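A.B. asks: Structure supplied as input.txt; contents: compact mmCIF, C-alpha atoms (C1' of nucleotides).
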```
# COMPACT_ATOMS: atom_id res chain seq x y z
CA MET A 1 56.24 60.21 73.42
CA GLY A 2 58.68 58.48 75.73
CA LEU A 3 56.71 59.23 78.84
CA THR A 4 54.77 56.58 80.69
CA LYS A 5 51.10 57.17 81.42
CA THR A 6 51.35 56.35 85.12
CA GLU A 7 47.97 57.89 85.89
CA ILE A 8 46.05 55.08 84.29
CA PHE A 9 47.65 52.37 86.41
CA THR A 10 47.25 51.37 90.02
CA GLU A 11 49.84 52.38 92.57
CA GLU A 12 50.79 48.75 92.97
CA GLN A 13 51.39 48.35 89.26
CA ASN A 14 53.53 51.46 89.19
CA GLN A 15 55.48 50.36 92.25
CA ILE A 16 56.24 46.92 90.92
CA ALA A 17 57.25 48.38 87.58
CA GLN A 18 59.51 50.93 89.23
CA TRP A 19 61.35 48.30 91.22
CA ALA A 20 61.67 46.02 88.22
CA LYS A 21 62.88 48.90 86.11
CA VAL A 22 65.73 49.70 88.44
CA LEU A 23 66.82 46.06 88.24
CA GLY A 24 66.59 46.30 84.47
CA HIS A 25 70.20 47.20 83.82
CA PRO A 26 73.17 44.80 84.07
CA ALA A 27 75.37 47.42 85.73
CA ARG A 28 72.92 47.76 88.58
CA ILE A 29 72.65 43.99 88.88
CA ALA A 30 76.44 43.82 89.05
CA ILE A 31 76.56 46.56 91.67
CA LEU A 32 74.02 44.78 93.85
CA GLN A 33 75.76 41.43 93.48
CA HIS A 34 79.02 43.02 94.53
CA LEU A 35 77.42 44.71 97.52
CA PHE A 36 76.14 41.31 98.58
CA LYS A 37 79.39 39.49 97.97
CA THR A 38 81.55 41.94 99.86
CA ASP A 39 78.94 41.88 102.55
CA ALA A 40 80.30 45.04 104.01
CA CYS A 41 79.94 48.22 102.06
CA ILE A 42 82.15 49.54 99.34
CA CYS A 43 82.20 52.39 96.91
CA GLY A 44 84.85 53.46 94.40
CA ASP A 45 85.76 49.80 94.19
CA LEU A 46 82.67 49.44 92.07
CA VAL A 47 84.28 51.58 89.43
CA ASP A 48 87.19 49.13 89.24
CA VAL A 49 85.18 45.95 89.54
CA ILE A 50 82.63 46.97 86.96
CA GLY A 51 84.16 48.50 83.86
CA LEU A 52 82.30 51.78 83.76
CA ALA A 53 83.40 55.35 84.37
CA GLN A 54 82.99 56.91 87.78
CA PRO A 55 80.16 59.29 86.85
CA THR A 56 78.26 56.41 85.32
CA ILE A 57 78.56 54.26 88.44
CA SER A 58 77.57 57.23 90.56
CA GLN A 59 74.48 57.70 88.48
CA HIS A 60 73.46 54.05 88.83
CA LEU A 61 74.01 54.22 92.58
CA LYS A 62 71.76 57.24 92.73
CA GLU A 63 68.93 55.34 91.07
CA LEU A 64 69.33 52.37 93.37
CA LYS A 65 69.23 54.74 96.32
CA LYS A 66 66.19 56.53 94.96
CA VAL A 67 64.06 53.39 95.12
CA GLY A 68 65.39 52.64 98.59
CA ILE A 69 67.22 49.37 98.05
CA ILE A 70 70.68 50.67 98.91
CA GLN A 71 72.03 53.35 101.20
CA GLY A 72 75.26 55.29 101.42
CA THR A 73 77.09 56.80 104.35
CA ILE A 74 79.88 59.30 104.07
CA GLU A 75 83.08 57.97 105.59
CA GLY A 76 85.90 60.40 105.38
CA THR A 77 86.50 61.24 101.77
CA SER A 78 84.72 58.15 100.51
CA VAL A 79 81.13 56.95 100.62
CA CYS A 80 80.20 53.54 101.89
CA TYR A 81 77.31 51.87 100.12
CA CYS A 82 75.33 48.87 101.22
CA ILE A 83 72.00 47.14 100.83
CA ASN A 84 69.10 48.73 102.65
CA GLN A 85 67.64 45.63 104.23
CA LYS A 86 64.19 47.05 104.79
CA GLY A 87 63.81 48.45 101.31
CA TRP A 88 65.26 45.33 99.77
CA HIS A 89 62.76 43.10 101.49
CA GLN A 90 59.88 45.29 100.50
CA MET A 91 60.94 44.94 96.91
CA GLN A 92 61.54 41.24 97.26
CA THR A 93 58.11 40.69 98.74
CA ALA A 94 56.39 42.73 96.07
CA LEU A 95 58.19 41.22 93.10
CA SER A 96 58.11 37.65 94.36
CA GLY A 97 54.45 38.08 95.17
CA PHE A 98 53.73 39.30 91.69
CA MET A 99 55.60 36.45 90.05
CA ASP A 100 53.78 33.93 92.24
CA LEU A 101 50.46 34.70 90.60
CA THR A 102 51.01 31.46 88.77
CA GLN A 103 48.57 29.03 90.31
CA GLY A 104 49.02 25.76 88.60
CA PRO A 105 49.56 25.29 84.89
CA LYS A 106 46.26 26.60 83.61
CA ASP A 107 45.86 25.49 80.08
CA CYS A 108 46.07 27.91 77.30
CA CYS A 109 44.89 28.55 73.80
CA MET B 1 74.92 57.34 74.64
CA GLY B 2 71.73 55.49 75.46
CA LEU B 3 73.17 52.11 74.67
CA THR B 4 74.05 49.59 77.35
CA LYS B 5 77.53 48.08 77.38
CA THR B 6 76.36 44.51 77.57
CA GLU B 7 79.78 43.12 76.65
CA ILE B 8 81.29 43.93 80.00
CA PHE B 9 78.71 41.97 81.98
CA THR B 10 78.13 38.29 82.48
CA GLU B 11 75.37 36.52 80.61
CA GLU B 12 73.58 35.98 83.88
CA GLN B 13 73.65 39.66 84.67
CA ASN B 14 72.35 40.55 81.24
CA GLN B 15 69.63 37.92 81.45
CA ILE B 16 68.37 39.03 84.83
CA ALA B 17 68.41 42.65 83.70
CA GLN B 18 66.52 41.82 80.53
CA TRP B 19 63.77 40.06 82.41
CA ALA B 20 63.54 42.80 84.99
CA LYS B 21 63.48 45.42 82.27
CA VAL B 22 60.47 43.92 80.58
CA LEU B 23 58.63 43.98 83.90
CA GLY B 24 59.67 47.60 84.27
CA HIS B 25 56.58 49.15 82.77
CA PRO B 26 53.17 49.36 84.47
CA ALA B 27 51.32 48.53 81.25
CA ARG B 28 53.16 45.24 80.98
CA ILE B 29 52.50 44.50 84.64
CA ALA B 30 48.81 45.19 84.02
CA ILE B 31 48.78 42.96 80.96
CA LEU B 32 50.36 40.09 82.86
CA GLN B 33 48.01 40.51 85.81
CA HIS B 34 45.07 40.42 83.47
CA LEU B 35 46.36 37.33 81.71
CA PHE B 36 46.60 35.66 85.10
CA LYS B 37 43.23 36.83 86.31
CA THR B 38 41.32 35.75 83.26
CA ASP B 39 43.21 32.50 83.45
CA ALA B 40 42.34 31.67 79.91
CA CYS B 41 43.78 33.77 77.18
CA ILE B 42 42.56 37.09 75.90
CA CYS B 43 43.64 39.71 73.45
CA GLY B 44 41.91 42.86 72.21
CA ASP B 45 40.23 42.95 75.59
CA LEU B 46 43.51 44.27 76.89
CA VAL B 47 43.02 47.41 74.85
CA ASP B 48 39.72 48.01 76.67
CA VAL B 49 40.85 46.94 80.13
CA ILE B 50 44.04 48.96 80.02
CA GLY B 51 43.57 52.46 78.69
CA LEU B 52 46.12 52.46 75.89
CA ALA B 53 45.76 52.49 72.13
CA GLN B 54 45.79 49.25 70.21
CA PRO B 55 49.21 49.73 68.62
CA THR B 56 50.70 50.48 72.03
CA ILE B 57 49.29 47.31 73.57
CA SER B 58 50.45 45.35 70.58
CA GLN B 59 53.96 46.67 71.08
CA HIS B 60 54.01 45.74 74.76
CA LEU B 61 52.75 42.26 73.93
CA LYS B 62 55.56 41.92 71.44
CA GLU B 63 58.17 42.67 74.07
CA LEU B 64 56.65 40.24 76.54
CA LYS B 65 56.68 37.61 73.85
CA LYS B 66 60.26 38.40 72.90
CA VAL B 67 61.55 37.43 76.35
CA GLY B 68 59.40 34.32 76.29
CA ILE B 69 57.03 34.92 79.17
CA ILE B 70 53.85 35.03 77.10
CA GLN B 71 52.74 33.37 73.91
CA GLY B 72 50.07 34.08 71.34
CA THR B 73 48.07 31.82 69.08
CA ILE B 74 46.08 32.98 66.14
CA GLU B 75 42.44 32.10 66.54
CA GLY B 76 40.36 33.16 63.63
CA THR B 77 40.69 36.89 63.27
CA SER B 78 41.92 37.42 66.79
CA VAL B 79 45.02 36.37 68.67
CA CYS B 80 44.85 34.60 71.98
CA TYR B 81 47.59 35.49 74.43
CA CYS B 82 48.58 33.68 77.56
CA ILE B 83 51.42 33.12 79.98
CA ASN B 84 54.17 30.86 78.74
CA GLN B 85 54.53 28.67 81.80
CA LYS B 86 58.02 27.47 81.04
CA GLY B 87 59.41 30.90 80.27
CA TRP B 88 57.64 32.41 83.23
CA HIS B 89 59.15 29.93 85.64
CA GLN B 90 62.60 30.45 84.24
CA MET B 91 62.24 34.14 84.90
CA GLN B 92 60.74 33.55 88.32
CA THR B 93 63.59 31.27 89.30
CA ALA B 94 66.25 33.67 88.10
CA LEU B 95 64.78 36.80 89.64
CA SER B 96 63.78 35.20 92.91
CA GLY B 97 67.20 33.60 93.13
CA PHE B 98 68.87 36.93 92.62
CA MET B 99 66.78 38.66 95.25
CA ASP B 100 67.47 35.87 97.72
CA LEU B 101 71.14 36.76 97.91
CA THR B 102 70.23 38.35 101.20
CA GLN B 103 71.69 36.06 103.82
CA GLY B 104 70.81 37.49 107.18
CA PRO B 105 70.93 41.16 108.08
CA LYS B 106 74.65 41.79 107.71
CA ASP B 107 75.44 45.02 109.39
CA CYS B 108 76.38 47.99 107.37
CA CYS B 109 78.30 51.23 107.54
C1' DT C 1 97.61 76.38 103.28
C1' DC C 2 98.06 73.47 99.31
C1' DC C 3 97.60 69.17 97.30
C1' DT C 4 95.46 64.70 96.83
C1' DT C 5 91.70 61.62 96.88
C1' DT C 6 86.89 60.42 96.40
C1' DA C 7 82.50 61.08 94.86
C1' DA C 8 78.68 64.05 93.08
C1' DT C 9 76.99 67.07 89.53
C1' DC C 10 76.71 69.35 85.01
C1' DG C 11 76.56 69.26 80.22
C1' DT C 12 76.17 66.76 76.22
C1' DA C 13 75.93 63.12 72.56
C1' DA C 14 73.98 58.85 71.14
C1' DT C 15 70.50 55.74 71.48
C1' DA C 16 66.14 53.68 73.49
C1' DT C 17 61.43 53.87 74.93
C1' DT C 18 56.67 55.21 74.89
C1' DG C 19 52.61 56.29 72.56
C1' DC C 20 49.69 56.98 68.74
C1' DA C 21 47.72 57.91 63.90
C1' DA C 22 47.79 55.86 59.67
C1' DT C 23 48.23 51.93 57.20
C1' DA C 24 48.72 47.12 56.11
C1' DT C 25 47.40 42.31 56.68
C1' DA C 26 44.56 38.50 57.40
C1' DT C 27 40.46 36.03 58.44
C1' DA C 28 35.32 35.83 58.86
C1' DA C 29 30.92 37.02 57.43
C1' DT C 30 27.55 38.60 54.11
C1' DA D 1 33.69 39.84 45.80
C1' DT D 2 32.94 43.05 49.39
C1' DT D 3 32.80 44.39 53.90
C1' DA D 4 33.75 44.06 58.73
C1' DT D 5 36.74 42.80 62.48
C1' DA D 6 41.13 42.11 64.79
C1' DT D 7 45.85 42.65 65.09
C1' DA D 8 50.47 43.87 63.36
C1' DT D 9 53.53 47.20 61.29
C1' DT D 10 55.28 51.71 59.95
C1' DG D 11 56.53 56.30 60.79
C1' DC D 12 57.06 59.83 63.76
C1' DA D 13 57.22 63.07 67.88
C1' DA D 14 58.31 63.56 72.68
C1' DT D 15 60.80 62.07 76.32
C1' DA D 16 64.02 58.93 78.91
C1' DT D 17 68.24 56.42 79.48
C1' DT D 18 73.09 55.45 79.18
C1' DA D 19 77.66 56.86 79.20
C1' DC D 20 81.39 59.93 79.82
C1' DG D 21 84.50 64.24 79.97
C1' DA D 22 84.91 68.20 82.62
C1' DT D 23 84.08 70.31 86.71
C1' DT D 24 82.84 70.92 91.48
C1' DA D 25 82.66 69.83 96.43
C1' DA D 26 84.40 68.01 100.55
C1' DA D 27 87.49 65.76 103.56
C1' DG D 28 92.41 64.10 104.72
C1' DG D 29 97.25 64.57 104.69
C1' DA D 30 101.62 67.04 103.56
```
Rewrite the coordinates I just gave you, this time as structure tokens.
C.D. replies:
Amino acid sequence: MGLTKTEIFTEEQNQIAQWAKVLGHPARIAILQHLFKTDACICGDLVDVIGLAQPTISQHLKELKKVGIIQGTIEGTSVCYCINQKGWHQMQTALSGFMDLTQGPKDCC
Amino acid sequence: MGLTKTEIFTEEQNQIAQWAKVLGHPARIAILQHLFKTDACICGDLVDVIGLAQPTISQHLKELKKVGIIQGTIEGTSVCYCINQKGWHQMQTALSGFMDLTQGPKDCC
DNA sequence: TCCTTTAATCGTAATATTGCAATATATAAT
DNA sequence: ATTATATATTGCAATATTACGATTAAAGGA
């Protein structure tokens, strides 16, 4: 089918999955790493730094924005992107929390 | 196209993305949560607990196994699944490390 | 005003993912 | 041997994702 049955899962499960999903592409990882490295915000630079076409980068940025972990402000003819601190920390808390479920090395089958 | 240009990214970026991707579906989140909760290992229970068909669960388990965060051992007619501690911690370290890039609330545009 | 620059959007092709019915496989039990 | 149980695999339909060329929109500079 190709469509996820979100109705049968909890909101938490869907949220975690959605955040993880957006991190599930190397281009978006690269974009985020570059936003961190340059500290300040950038934009069309991403097209040069990463080797993808402008529409493709734009599309990835849109998805990152949709889940609230980056933000963009129009600045003249260009758009300045940067990490959305609040959204980022929400994601970080949720994902780290999920991965911390490990309580000691419980033995296994 | 539908196919990711993995060649243009670093191995680290591809690795992080691959781990995140596998967490990017609520069914897999639910499976992992259940494996943690029941501590010991389970299997066909997952089909009952989660509301998806047996082949679908089987497929999700396969993907989780492929990235090395769970493992399964045949036990009579059933298969016992559980978290692969080593693989899990590798993922945890990588993803947490990536999300920790945040060094103080650098101001933005 | 016209041109340039920058980024978003549209349209489309190729491929991937999700989900399940049907089937296959493998072990246990009778 | 036959049957029951549990899981994997196959095949397929519906939808999603990735990538990009072409185009549009919007602001700055000549």
A.B. asks: Could you list, as a list in words, the residues of chain A having an atom within 10 Å of chain C when counting all atoms listed in the file?
C.D. replies: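 So the contacting residues turn out to be Met1, Gly2, Leu3, Thr4, Lys5, Cys43, Gly44, Gln54, Pro55, Ser58, Gln59, Lys62, Ile74, Gly76, Thr77, Ser78 and Val79 of chain A.
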A.B. asks: Calculated over all atoms listed in the file, which of the candidates A:Gly97, A:Leu64, A:Thr73, A:Glu7 has the smallest distance to chain B?
C.D. replies: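 Looking at the shortest contact to chain B, the residue is A:Thr73.
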A.B. asks: Mind listing as an MDAnalysis selection string which residues of chain D are within 10 Å of chain A, counting only C-alpha atoms (C1' of nucleotides)?
C.D. replies: chainID D and resid 12:16 18:21 26:28
A.B. asks: Kindly provide the residues of chain A that approach chain B to within 6 Å, each paired with its closest atom pair and their distance in Å to one decimal, based on all atoms listed in the file, listed by chain and increasing number, as JSON lines.
C.D. replies:
```
{"residue": "A:Gln13", "atom": "CA", "partner": "B:Pro26", "partner_atom": "CA", "distance": 5.2}
{"residue": "A:Asn14", "atom": "CA", "partner": "B:Pro26", "partner_atom": "CA", "distance": 5.2}
{"residue": "A:Ala17", "atom": "CA", "partner": "B:Gly24", "partner_atom": "CA", "distance": 4.2}
{"residue": "A:Gln18", "atom": "CA", "partner": "B:Gly24", "partner_atom": "CA", "distance": 6.0}
{"residue": "A:Ala20", "atom": "CA", "partner": "B:Gly24", "partner_atom": "CA", "distance": 4.7}
{"residue": "A:Lys21", "atom": "CA", "partner": "B:Gly24", "partner_atom": "CA", "distance": 3.9}
{"residue": "A:Leu23", "atom": "CA", "partner": "B:Ala20", "partner_atom": "CA", "distance": 5.7}
{"residue": "A:Gly24", "atom": "CA", "partner": "B:Lys21", "partner_atom": "CA", "distance": 3.9}
{"residue": "A:His25", "atom": "CA", "partner": "B:Ala17", "partner_atom": "CA", "distance": 4.9}
{"residue": "A:Pro26", "atom": "CA", "partner": "B:Asn14", "partner_atom": "CA", "distance": 5.2}
{"residue": "A:Ala40", "atom": "CA", "partner": "B:Cys108", "partner_atom": "CA", "distance": 5.9}
{"residue": "A:Cys108", "atom": "CA", "partner": "B:Ala40", "partner_atom": "CA", "distance": 5.9}
```
A.B. asks: What is the CA of Lys65 in chain B to CA of Thr38 in chain B distance in Å?
C.D. replies: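 Computed distance, CA of Lys65 in chain B to CA of Thr38 in chain B, equals 18.1 Å.
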A.B. asks: Both chains have the same sequence, so superpose chain A on chain B over all Cα atoms paired in order and return it as a short mmCIF file (atom, residue, chain, number, x, y, z; two decimals) with C-alpha atoms, keeping the file's coordinate frame.
C.D. replies:
```
data_model
loop_
_atom_site.label_atom_id
_atom_site.label_comp_id
_atom_site.auth_asym_id
_atom_site.auth_seq_id
_atom_site.Cartn_x
_atom_site.Cartn_y
_atom_site.Cartn_z
CA MET A 1 74.95 57.33 74.59
CA GLY A 2 71.76 55.48 75.42
CA LEU A 3 73.18 52.09 74.63
CA THR A 4 74.05 49.59 77.32
CA LYS A 5 77.53 48.10 77.38
CA THR A 6 76.36 44.49 77.57
CA GLU A 7 79.77 43.13 76.65
CA ILE A 8 81.28 43.95 80.00
CA PHE A 9 78.70 41.99 81.98
CA THR A 10 78.12 38.31 82.50
CA GLU A 11 75.38 36.53 80.61
CA GLU A 12 73.56 36.00 83.88
CA GLN A 13 73.64 39.69 84.69
CA ASN A 14 72.33 40.56 81.26
CA GLN A 15 69.61 37.93 81.47
CA ILE A 16 68.36 39.05 84.85
CA ALA A 17 68.41 42.66 83.73
CA GLN A 18 66.51 41.84 80.56
CA TRP A 19 63.75 40.07 82.43
CA ALA A 20 63.53 42.82 85.02
CA LYS A 21 63.46 45.43 82.30
CA VAL A 22 60.46 43.91 80.60
CA LEU A 23 58.63 43.98 83.93
CA GLY A 24 59.66 47.61 84.31
CA HIS A 25 56.57 49.15 82.80
CA PRO A 26 53.13 49.35 84.49
CA ALA A 27 51.31 48.51 81.26
CA ARG A 28 53.15 45.23 81.00
CA ILE A 29 52.47 44.49 84.66
CA ALA A 30 48.79 45.18 84.03
CA ILE A 31 48.78 42.95 80.97
CA LEU A 32 50.35 40.08 82.88
CA GLN A 33 48.00 40.50 85.83
CA HIS A 34 45.05 40.39 83.47
CA LEU A 35 46.36 37.30 81.71
CA PHE A 36 46.58 35.63 85.11
CA LYS A 37 43.19 36.79 86.30
CA THR A 38 41.31 35.70 83.21
CA ASP A 39 43.24 32.49 83.40
CA ALA A 40 42.38 31.71 79.85
CA CYS A 41 43.85 33.83 77.13
CA ILE A 42 42.60 37.11 75.81
CA CYS A 43 43.70 39.76 73.40
CA GLY A 44 41.93 42.90 72.20
CA ASP A 45 40.26 42.95 75.59
CA LEU A 46 43.55 44.25 76.88
CA VAL A 47 43.04 47.39 74.88
CA ASP A 48 39.74 48.00 76.69
CA VAL A 49 40.86 46.93 80.13
CA ILE A 50 44.05 48.94 80.04
CA GLY A 51 43.57 52.45 78.71
CA LEU A 52 46.11 52.45 75.93
CA ALA A 53 45.76 52.47 72.16
CA GLN A 54 45.83 49.23 70.23
CA PRO A 55 49.26 49.72 68.63
CA THR A 56 50.71 50.48 72.03
CA ILE A 57 49.30 47.31 73.59
CA SER A 58 50.50 45.33 70.60
CA GLN A 59 53.97 46.68 71.08
CA HIS A 60 54.03 45.74 74.77
CA LEU A 61 52.79 42.25 73.93
CA LYS A 62 55.60 41.90 71.45
CA GLU A 63 58.19 42.66 74.10
CA LEU A 64 56.66 40.23 76.56
CA LYS A 65 56.70 37.59 73.84
CA LYS A 66 60.29 38.39 72.93
CA VAL A 67 61.56 37.43 76.38
CA GLY A 68 59.42 34.30 76.32
CA ILE A 69 57.03 34.91 79.19
CA ILE A 70 53.86 35.00 77.10
CA GLN A 71 52.73 33.37 73.90
CA GLY A 72 50.06 34.09 71.33
CA THR A 73 48.08 31.83 69.06
CA ILE A 74 46.05 32.99 66.12
CA GLU A 75 42.39 32.12 66.53
CA GLY A 76 40.31 33.21 63.64
CA THR A 77 40.66 36.93 63.24
CA SER A 78 41.90 37.43 66.78
CA VAL A 79 45.02 36.38 68.65
CA CYS A 80 44.86 34.59 71.95
CA TYR A 81 47.59 35.47 74.42
CA CYS A 82 48.56 33.65 77.56
CA ILE A 83 51.41 33.09 79.97
CA ASN A 84 54.17 30.83 78.75
CA GLN A 85 54.53 28.65 81.81
CA LYS A 86 58.02 27.46 81.05
CA GLY A 87 59.41 30.88 80.29
CA TRP A 88 57.62 32.39 83.24
CA HIS A 89 59.14 29.93 85.65
CA GLN A 90 62.59 30.45 84.26
CA MET A 91 62.22 34.13 84.92
CA GLN A 92 60.73 33.56 88.33
CA THR A 93 63.57 31.28 89.34
CA ALA A 94 66.21 33.68 88.11
CA LEU A 95 64.75 36.81 89.65
CA SER A 96 63.75 35.21 92.93
CA GLY A 97 67.17 33.63 93.13
CA PHE A 98 68.84 36.96 92.62
CA MET A 99 66.73 38.69 95.24
CA ASP A 100 67.44 35.90 97.72
CA LEU A 101 71.11 36.80 97.89
CA THR A 102 70.21 38.37 101.19
CA GLN A 103 71.66 36.08 103.81
CA GLY A 104 70.83 37.51 107.14
CA PRO A 105 70.95 41.18 108.03
CA LYS A 106 74.66 41.79 107.62
CA ASP A 107 75.49 45.00 109.30
CA CYS A 108 76.41 47.99 107.33
CA CYS A 109 78.39 51.17 107.47
#
```
A.B. asks: In Å to one decimal, how far is CA of Val47 in chain B from CA of Ile31 in chain B?
C.D. replies: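 That distance, rounded to one decimal, is 9.5 Å.
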A.B. asks: Have a look at C1' of DT17 in chain D and CA of Val67 in chain A and let me know their distance in Å, one decimal.
C.D. replies: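 The value is 16.5 Å.
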